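Enquirer: This is the structure I have questions about; it appears just below.
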Amino acid sequence: MILGALYFMSMFLLLGFGSYHILEKAGQNPFDTINSFALYYLLVDLVIRFFFQKMPTLSIRPFLNQNVKKNNIVRFVLNKTMLSFFNFIHWFFFIPFTITLVMKGYTGTAWIWCISMLLFVYINNFLAILIDKKDAVFYTIVGIFAIFGVLQYYSIFDISLYSNPFFASFYKYSFWALIPIAILALLYYLNFKFFKSNLYLDAGLSIEQNLATTENLTFLDQFGKLGTFLKNDIRLLKRNKRAKTTLLMSVMFLFYGLLFFTNSIEAYNAPVWKIFAGIFVSGGFLFNFGQFVPSWDSSYYPLMMTQNITYKDYLSSKWWLMVIATTVSTLLASLYLFFGIETYLAILTGAIFNIGVNSHLVLLGGAYIKTPIDLTSNKNAFGDKKAFNVKTLLISLPKLLLPMLVYAIGHYTLGWQFGYLLVALLGILGFAFKNKVFQIIESIYKKEKYITLEAYKQKG
Amino acid sequence: MIHVNNLSKKYNGTTVLHIENLEIPKGQSFGLVGNNGAGKTTFFSLLLDLIQPSSGKITSNNIQINTDESWKVFTTSFLDESFLIGYLTPEEYFYFIGELRGWNKADVDAFLTKYEDFFNGEILNNKKYLRDLSKGNAKKAGIIGALIGNPEIIILDEPFANLDPTTQIRLKKIIKSLAEDSNTTVLVSSHDLQHTVEVSDRIVVLEKGNIVKDLVPTTETLKELEEFFSA
């Protein structure tokens with residue numbers, strides 16, 4: 001978690017200091033540009049909060065029967081949300097950006113602007129609490145902004161023309177800052193009232209329960225033991241928040257290739273990056289899901305260890321799941337044919353390498369990760385310090401470096417076709433070692449069984 | 001059936017379990033009682049190879065538990081909620097266990113009808129995942145799950161805890177009927193002396209990791225146990 005936080009902090013810091021120069025170089029007025037897009041910035045923030053910010057409802061429970069006044073409980077909880085990383089992170093953008101503004105000759109009222117922007121961030125914080133679990137409200141807001149986005153794209157109605165003067169006003173007229181202060185106060189009051197009236201176990205503090213339906217997935221029965229496990233894995237992916245996040249991230253990986261194939265980033269124009277992108281586009285699920293096998297099953301690992309299960313069946317099902325997902329990703333990625341057949345060949349080659357080599361490497365790496373996964377929450381979804389150790393790092397490196405290296409050898413000797421061929425051959429070669437790799441993983445699982453069981457007992 | 005030989009488990013130099021010698025014959029209904037920390041769950045975890053013994057060994061059907069895994073074929077267990085898969089419905093869970101133990105859906109369905117009383121309409125067809133069931137109901141599902149597949153050894157840790165009175169009485173009946181079958185060895189641990197006396201052919205009392213009593217229940221047994229624990 002700490003690693004993830006540091007990563008985001010440094011990214012925001014970099015953007016905070018860099019945006020002004022980047023925008024200036026692009027021939028834009030930096031301050032106007034930021035103000036024009038501020039509305040979208042805040043919306044994206046709201047979306048991220050909706051999905052990832054943990055609402056404080058559960059932490060209230062232990063206070064209810066203590067000698068603490070309800071007003072104090074509610075105030076404590078609301079104030080605590082203000083300390084959330086989701087708010088704090090924006091300081092790392094707006095403060096360095098304002099420093100740059102002042103250095104570039106903007107007057108000190110730039111700081112009023114900065115504070116106003118941060119006030120809007122906190123407005124988002126309280127807005128997010130109010131719309132938590134209210135999908136309808138949330139999607140309405142997102143829908144409205146999507147329409148604005150489309151209208152702006154087709155130059156029918158440009159909301160940024162209104163966004164810019166609105167946010168710029170905080171710089172020009174300091175007293176405008178009273179607006180966000182008033183909104184914030186109002187939202188705090190609304191939240192306070194909402195929380196206080198819902199401070200009961202069967203109201204605001206209830207734990208959401210989904211209506212469950214039994215899915216027999218009988219079409220998988222024909223695959224025997226493999227089908228038994230696949231059924232569970234499919235249910236795992238469908239019914240758990242954490243697993244769904246993984247699916248979502250895998251879809252996002254599909255679009256990662258755009259950065260490379262559109263030539264929009266100069267540094268990525270070297271030929272080896274094409275194969276790098278190919279690996280990522282086809283292997284989103286493989287990486288995101290595979291690295292946490294067997295942690296996905298951590299909450300019922302004792303059951304798995306006492307049942308009549310062979311490791312081989314268990315591993316095979318995970319492996320097939322990754323193969324199926326890689327195939328589906330590759331089919332979906334046929335959109336990249338738009339960039340030419342060579343681009344799609346990179347993805348196809350990446351897919352072969354993923355199935356043949358990387359599927360083994362992620363499973364091998366996963367065997368050393370002993371972090372229990374809480375399926376029902378998104379905690380640690382972006383990385384966990386325990387999941388990051390030297391062994392897994394060493395196993396991870398070849399996943400990307402090896403195909404790039406092999407491709408480079410082919411590319412610079414006989415041409416790009418030969419590069420792809422070499423990587424694909426390596427993938428097929430890896431496939432031949434499947435049984436051997438499974439044996440190794442099995443022996444690791446067996447050797448580490450007791451340590452793993454003990455580690456999974458510790459809850460996050 | 002089960003032979004325990006010079007078994008001990010130590011954590012940081014403290015012995016939490018030490019059993020010199022214990023034999024559990026086939027078909028016995030074995031009750032294990034003791035206070036918190038007496039070593040009941042430790043013993044069961046060792047029987048299931050979930051933890052490693054510090055010394056000694058357990059064999060089950062002449063199979064050494066911590067070196068050979070084939071005991072899994074005839075042994076089932078329910079120790080705690082980590083034996084349940086939270087995101088499955090009870091039905092899916094039963095079918096899953098059934099498939100692992102070689103039963104198809106029809107076998108499991110037929111088996112489950114025998115326990116409709118025990119479920120009391122709170123388990124099947126309730127549109128709930130196991131993780132959303134109350135503790136007592138989750139336990140019911142776990143216990144019945146452990147009976148699937150005609151196991152020869154059934155290990156249940158504190159099966160009576162969290163169950164409502166009616167269900168406790170029904171569970172006693174179930175365990176007694178299993179005990180009548182000379183092929184099934186049932187191991188049950190409990191804090192409840194009376195329940196244990198009622199369902200067991202033999203009661204072993206653990207205290208601080210040692211066996212301090214090994215009794216065949218008679219009419220006097222409950223009294224004897226109560227005196228022991230009040231001392």
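Labels used: A, B, ... for chains in the order of the structure tokens, numbers from 1 for residues in each chain, and numbers from 1 for ligands as shown.
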For chain B against chain A, which residues fall within 6 Å using only C-alpha atoms, given as a ChimeraX atom specification?
Expert: /B:51,72-73,82-83,85,127-129
Enquirer: Would you return as a ChimeraX atom specification the members of segment 76-213 of chain B that DSSP assigns to strand (DSSP E) on this structure's backbone?
Expert: /B:76-78,153-157,185-190,202-207,210-213
Enquirer: For the residues in the current selection, export N, CA and C atoms as a PDB file, in the first residue's frame.
Expert:
```pdb
ATOM      1  N   THR B  76     -13.003 -36.264   6.264  1.00  0.00           N
ATOM      2  CA  THR B  76     -13.611 -34.954   6.046  1.00  0.00           C
ATOM      3  C   THR B  76     -13.616 -34.202   7.362  1.00  0.00           C
ATOM      4  N   SER B  77     -13.805 -32.886   7.273  1.00  0.00           N
ATOM      5  CA  SER B  77     -13.708 -32.091   8.490  1.00  0.00           C
ATOM      6  C   SER B  77     -14.405 -30.759   8.343  1.00  0.00           C
ATOM      7  N   PHE B  78     -14.812 -30.225   9.494  1.00  0.00           N
ATOM      8  CA  PHE B  78     -15.236 -28.830   9.531  1.00  0.00           C
ATOM      9  C   PHE B  78     -14.732 -28.237  10.838  1.00  0.00           C
ATOM     10  N   ILE B 153     -13.671 -41.039   8.281  1.00  0.00           N
ATOM     11  CA  ILE B 153     -13.348 -40.256   9.465  1.00  0.00           C
ATOM     12  C   ILE B 153     -13.943 -38.859   9.303  1.00  0.00           C
ATOM     13  N   ILE B 154     -14.695 -38.419  10.325  1.00  0.00           N
ATOM     14  CA  ILE B 154     -15.289 -37.090  10.287  1.00  0.00           C
ATOM     15  C   ILE B 154     -14.782 -36.318  11.501  1.00  0.00           C
ATOM     16  N   ILE B 155     -14.207 -35.155  11.268  1.00  0.00           N
ATOM     17  CA  ILE B 155     -13.662 -34.363  12.370  1.00  0.00           C
ATOM     18  C   ILE B 155     -14.443 -33.051  12.478  1.00  0.00           C
ATOM     19  N   LEU B 156     -15.070 -32.818  13.609  1.00  0.00           N
ATOM     20  CA  LEU B 156     -15.859 -31.607  13.801  1.00  0.00           C
ATOM     21  C   LEU B 156     -15.368 -30.876  15.048  1.00  0.00           C
ATOM     22  N   ASP B 157     -14.973 -29.622  14.873  1.00  0.00           N
ATOM     23  CA  ASP B 157     -14.495 -28.832  16.002  1.00  0.00           C
ATOM     24  C   ASP B 157     -15.640 -27.962  16.519  1.00  0.00           C
ATOM     25  N   THR B 185     -15.801 -43.254  11.811  1.00  0.00           N
ATOM     26  CA  THR B 185     -15.198 -42.771  13.047  1.00  0.00           C
ATOM     27  C   THR B 185     -15.485 -41.274  13.141  1.00  0.00           C
ATOM     28  N   VAL B 186     -16.096 -40.874  14.257  1.00  0.00           N
ATOM     29  CA  VAL B 186     -16.441 -39.451  14.393  1.00  0.00           C
ATOM     30  C   VAL B 186     -15.624 -38.854  15.526  1.00  0.00           C
ATOM     31  N   LEU B 187     -14.963 -37.734  15.242  1.00  0.00           N
ATOM     32  CA  LEU B 187     -14.222 -37.029  16.291  1.00  0.00           C
ATOM     33  C   LEU B 187     -14.869 -35.669  16.500  1.00  0.00           C
ATOM     34  N   VAL B 188     -15.304 -35.430  17.746  1.00  0.00           N
ATOM     35  CA  VAL B 188     -16.011 -34.182  18.030  1.00  0.00           C
ATOM     36  C   VAL B 188     -15.358 -33.526  19.236  1.00  0.00           C
ATOM     37  N   SER B 189     -15.126 -32.230  19.151  1.00  0.00           N
ATOM     38  CA  SER B 189     -14.652 -31.525  20.342  1.00  0.00           C
ATOM     39  C   SER B 189     -15.762 -30.609  20.806  1.00  0.00           C
ATOM     40  N   SER B 190     -15.788 -30.335  22.088  1.00  0.00           N
ATOM     41  CA  SER B 190     -16.857 -29.466  22.585  1.00  0.00           C
ATOM     42  C   SER B 190     -16.503 -28.880  23.935  1.00  0.00           C
ATOM     43  N   ARG B 202     -16.638 -42.533  23.838  1.00  0.00           N
ATOM     44  CA  ARG B 202     -15.412 -42.381  24.606  1.00  0.00           C
ATOM     45  C   ARG B 202     -15.131 -40.895  24.748  1.00  0.00           C
ATOM     46  N   ILE B 203     -14.706 -40.492  25.945  1.00  0.00           N
ATOM     47  CA  ILE B 203     -14.426 -39.081  26.169  1.00  0.00           C
ATOM     48  C   ILE B 203     -13.007 -38.908  26.671  1.00  0.00           C
ATOM     49  N   VAL B 204     -12.269 -38.032  26.002  1.00  0.00           N
ATOM     50  CA  VAL B 204     -10.911 -37.735  26.427  1.00  0.00           C
ATOM     51  C   VAL B 204     -10.872 -36.283  26.871  1.00  0.00           C
ATOM     52  N   VAL B 205     -10.308 -36.047  28.063  1.00  0.00           N
ATOM     53  CA  VAL B 205     -10.212 -34.683  28.569  1.00  0.00           C
ATOM     54  C   VAL B 205      -8.786 -34.192  28.390  1.00  0.00           C
ATOM     55  N   LEU B 206      -8.658 -33.052  27.744  1.00  0.00           N
ATOM     56  CA  LEU B 206      -7.349 -32.428  27.572  1.00  0.00           C
ATOM     57  C   LEU B 206      -7.224 -31.279  28.560  1.00  0.00           C
ATOM     58  N   GLU B 207      -6.050 -31.163  29.160  1.00  0.00           N
ATOM     59  CA  GLU B 207      -5.782 -29.991  29.975  1.00  0.00           C
ATOM     60  C   GLU B 207      -4.357 -29.552  29.712  1.00  0.00           C
ATOM     61  N   ASN B 210      -2.266 -31.901  27.714  1.00  0.00           N
ATOM     62  CA  ASN B 210      -2.087 -33.296  28.129  1.00  0.00           C
ATOM     63  C   ASN B 210      -3.417 -34.007  28.305  1.00  0.00           C
ATOM     64  N   ILE B 211      -3.418 -35.311  28.033  1.00  0.00           N
ATOM     65  CA  ILE B 211      -4.618 -36.099  28.292  1.00  0.00           C
ATOM     66  C   ILE B 211      -4.668 -36.377  29.789  1.00  0.00           C
ATOM     67  N   VAL B 212      -5.736 -35.900  30.457  1.00  0.00           N
ATOM     68  CA  VAL B 212      -5.826 -36.124  31.903  1.00  0.00           C
ATOM     69  C   VAL B 212      -6.911 -37.131  32.260  1.00  0.00           C
ATOM     70  N   LYS B 213      -7.833 -37.381  31.328  1.00  0.00           N
ATOM     71  CA  LYS B 213      -8.865 -38.386  31.574  1.00  0.00           C
ATOM     72  C   LYS B 213      -9.193 -39.076  30.263  1.00  0.00           C
TER      73      LYS B 213
END
```
Enquirer: Give the answer as one residue: which of B:Thr75, B:Thr42, B:Thr113, B:Asn12 has the shortest atom-to-atom distance to Gly209 of chain B, using only C-alpha atoms?
Expert: B:Thr42
Enquirer: Segment 165-179 of chain B: which residues within 8 Å, counting only C-alpha atoms, same-chain residues fewer than 4 positions away excluded, as a VMD selection string?
Expert: chain B and resid 27 to 29 118 160 184 to 186 195 198 to 200
Enquirer: Do you know which residues are at most 9 Å from segment 18-24 of chain A counting only C-alpha atoms, after dropping those on the same chain fewer than 3 positions away, and could you put them as a list in words?
Expert: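 The residues that qualify are Leu13, Leu14, Leu15, Gly27, Gln28, Asn29, Pro30, Phe31, Thr33, Ile34, Pro96, Phe97, Thr100 and Leu101 of chain A.
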Enquirer: Near segment 49-59 of chain A, within 7 Å and counting only C-alpha atoms, which residues show up once chain neighbours fewer than 3 positions away are dropped, as a PDB file with all heavy atoms, in the first residue's frame?
Expert:
```
ATOM      1  N   ASP A  45     -12.086  12.468 -10.353  1.00  0.00           N
ATOM      2  CA  ASP A  45     -11.814  12.250  -8.931  1.00  0.00           C
ATOM      3  C   ASP A  45     -13.020  11.600  -8.253  1.00  0.00           C
ATOM      4  O   ASP A  45     -12.882  10.645  -7.494  1.00  0.00           O
ATOM      5  CB  ASP A  45     -11.474  13.593  -8.284  1.00  0.00           C
ATOM      6  CG  ASP A  45     -11.277  13.467  -6.788  1.00  0.00           C
ATOM      7  OD1 ASP A  45     -10.505  12.586  -6.387  1.00  0.00           O
ATOM      8  OD2 ASP A  45     -11.904  14.235  -6.042  1.00  0.00           O
ATOM      9  N   LEU A  46     -14.204  12.113  -8.584  1.00  0.00           N
ATOM     10  CA  LEU A  46     -15.426  11.578  -7.973  1.00  0.00           C
ATOM     11  C   LEU A  46     -15.633  10.110  -8.369  1.00  0.00           C
ATOM     12  O   LEU A  46     -16.018   9.278  -7.545  1.00  0.00           O
ATOM     13  CB  LEU A  46     -16.630  12.427  -8.408  1.00  0.00           C
ATOM     14  CG  LEU A  46     -17.910  12.241  -7.610  1.00  0.00           C
ATOM     15  CD1 LEU A  46     -17.724  12.686  -6.173  1.00  0.00           C
ATOM     16  CD2 LEU A  46     -19.066  13.008  -8.240  1.00  0.00           C
ATOM     17  N   PRO A  62     -18.168  -0.056  16.576  1.00  0.00           N
ATOM     18  CA  PRO A  62     -17.720  -0.245  17.972  1.00  0.00           C
ATOM     19  C   PRO A  62     -18.033   0.933  18.887  1.00  0.00           C
ATOM     20  O   PRO A  62     -18.036   0.777  20.101  1.00  0.00           O
ATOM     21  CB  PRO A  62     -16.199  -0.414  17.832  1.00  0.00           C
ATOM     22  CG  PRO A  62     -15.933  -0.618  16.403  1.00  0.00           C
ATOM     23  CD  PRO A  62     -17.067  -0.062  15.634  1.00  0.00           C
ATOM     24  N   VAL A  77     -16.313  10.846  12.580  1.00  0.00           N
ATOM     25  CA  VAL A  77     -16.225  10.074  11.343  1.00  0.00           C
ATOM     26  C   VAL A  77     -16.076  10.987  10.129  1.00  0.00           C
ATOM     27  O   VAL A  77     -15.247  10.749   9.246  1.00  0.00           O
ATOM     28  CB  VAL A  77     -17.460   9.170  11.194  1.00  0.00           C
ATOM     29  CG1 VAL A  77     -17.509   8.575   9.808  1.00  0.00           C
ATOM     30  CG2 VAL A  77     -17.426   8.081  12.231  1.00  0.00           C
ATOM     31  N   ALA A 128     -19.011  12.274  -2.369  1.00  0.00           N
ATOM     32  CA  ALA A 128     -18.798  10.835  -2.539  1.00  0.00           C
ATOM     33  C   ALA A 128     -19.462  10.054  -1.417  1.00  0.00           C
ATOM     34  O   ALA A 128     -20.010   8.986  -1.639  1.00  0.00           O
ATOM     35  CB  ALA A 128     -17.301  10.518  -2.592  1.00  0.00           C
ATOM     36  N   ILE A 129     -19.425  10.599  -0.191  1.00  0.00           N
ATOM     37  CA  ILE A 129     -20.061   9.895   0.923  1.00  0.00           C
ATOM     38  C   ILE A 129     -21.568   9.860   0.710  1.00  0.00           C
ATOM     39  O   ILE A 129     -22.221   8.846   0.941  1.00  0.00           O
ATOM     40  CB  ILE A 129     -19.729  10.579   2.265  1.00  0.00           C
ATOM     41  CG1 ILE A 129     -18.221  10.585   2.486  1.00  0.00           C
ATOM     42  CG2 ILE A 129     -20.424   9.868   3.415  1.00  0.00           C
ATOM     43  CD1 ILE A 129     -17.787  11.335   3.716  1.00  0.00           C
ATOM     44  N   ASP A 132     -22.531   7.412  -2.014  1.00  0.00           N
ATOM     45  CA  ASP A 132     -22.035   6.058  -1.830  1.00  0.00           C
ATOM     46  C   ASP A 132     -23.186   5.065  -1.896  1.00  0.00           C
ATOM     47  O   ASP A 132     -24.211   5.242  -1.243  1.00  0.00           O
ATOM     48  CB  ASP A 132     -21.327   5.964  -0.470  1.00  0.00           C
ATOM     49  CG  ASP A 132     -20.722   4.588  -0.260  1.00  0.00           C
ATOM     50  OD1 ASP A 132     -20.194   4.029  -1.237  1.00  0.00           O
ATOM     51  OD2 ASP A 132     -20.788   4.082   0.870  1.00  0.00           O
ATOM     52  N   LEU A 205     -25.689   1.641   8.772  1.00  0.00           N
ATOM     53  CA  LEU A 205     -24.545   0.806   9.135  1.00  0.00           C
ATOM     54  C   LEU A 205     -24.724  -0.641   8.722  1.00  0.00           C
ATOM     55  O   LEU A 205     -23.923  -1.495   9.063  1.00  0.00           O
ATOM     56  CB  LEU A 205     -24.308   0.872  10.651  1.00  0.00           C
ATOM     57  CG  LEU A 205     -24.120   2.272  11.212  1.00  0.00           C
ATOM     58  CD1 LEU A 205     -23.782   2.203  12.685  1.00  0.00           C
ATOM     59  CD2 LEU A 205     -23.013   3.001  10.467  1.00  0.00           C
ATOM     60  N   ASN A 378     -11.557  -3.628  -1.650  1.00  0.00           N
ATOM     61  CA  ASN A 378     -10.527  -3.282  -2.620  1.00  0.00           C
ATOM     62  C   ASN A 378      -9.216  -2.896  -1.963  1.00  0.00           C
ATOM     63  O   ASN A 378      -8.319  -2.388  -2.610  1.00  0.00           O
ATOM     64  CB  ASN A 378     -11.015  -2.128  -3.492  1.00  0.00           C
ATOM     65  CG  ASN A 378     -11.617  -2.646  -4.761  1.00  0.00           C
ATOM     66  OD1 ASN A 378     -11.221  -3.700  -5.241  1.00  0.00           O
ATOM     67  ND2 ASN A 378     -12.572  -1.936  -5.297  1.00  0.00           N
TER      68      ASN A 378
END
```
Enquirer: Tell me, in Å to one decimal, how far atom CA of Ser443 of chain A is from atom CA of Ala367 of chain A.
Expert: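 If I compute the distance from atom CA of Ser443 of chain A to atom CA of Ala367 of chain A, I get 9.9 Å.
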Enquirer: For Phe111 of chain B, find every residue with an atom within 12 Å (counting only C-alpha atoms), except residues of its own chain fewer than 5 positions away, and show them as a list in words.
Expert: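 Once the adjacent positions are removed, what remains is Glu91, Phe94, Tyr95, Gly98, Trp103, Asn104, Lys105, Ala106, Glu116, Ile144, Gly145, Leu147, Ile148, Gly149 and Asn150 of chain B.
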Enquirer: According to DSSP computed on the backbone, where in segment 175-291 of chain A is there alpha helix (DSSP H)? Give the residues as a VMD selection string.
Expert: chain A and resid 178 to 197 225 to 239 241 to 261 272 to 290
Enquirer: What's around Leu405 of chain A at 10 Å? Count only C-alpha atoms, leave out sequence neighbours fewer than 3 positions away in its own chain, and write the answer as a list in words.
Expert: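 In the requested form, the answer reads Val272, Ile275, Pro398, Leu400, Leu401, Leu402, Ala408, Ile409, Gly410, His411, Gly419 and Val423 of chain A.
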Enquirer: Between atom CA of Gly415 of chain A and atom CA of Thr327 of chain A, what is the spacing in Å?
Expert: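 Distance between the two atoms: 26.6 Å.
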Enquirer: Between A:Ala182, A:Ile156, A:Ile234, A:Met252, which one has atoms that come closest to Leu119 of chain A, using only C-alpha atoms?
Expert: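 Among the listed residues, A:Ala182 lies closest to Leu119 of chain A.
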Enquirer: In Å, how far is it from atom CA of Tyr93 of chain B to atom CA of Asp202 of chain A?
Expert: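 Computing it gives 28.1 Å between the two atoms.
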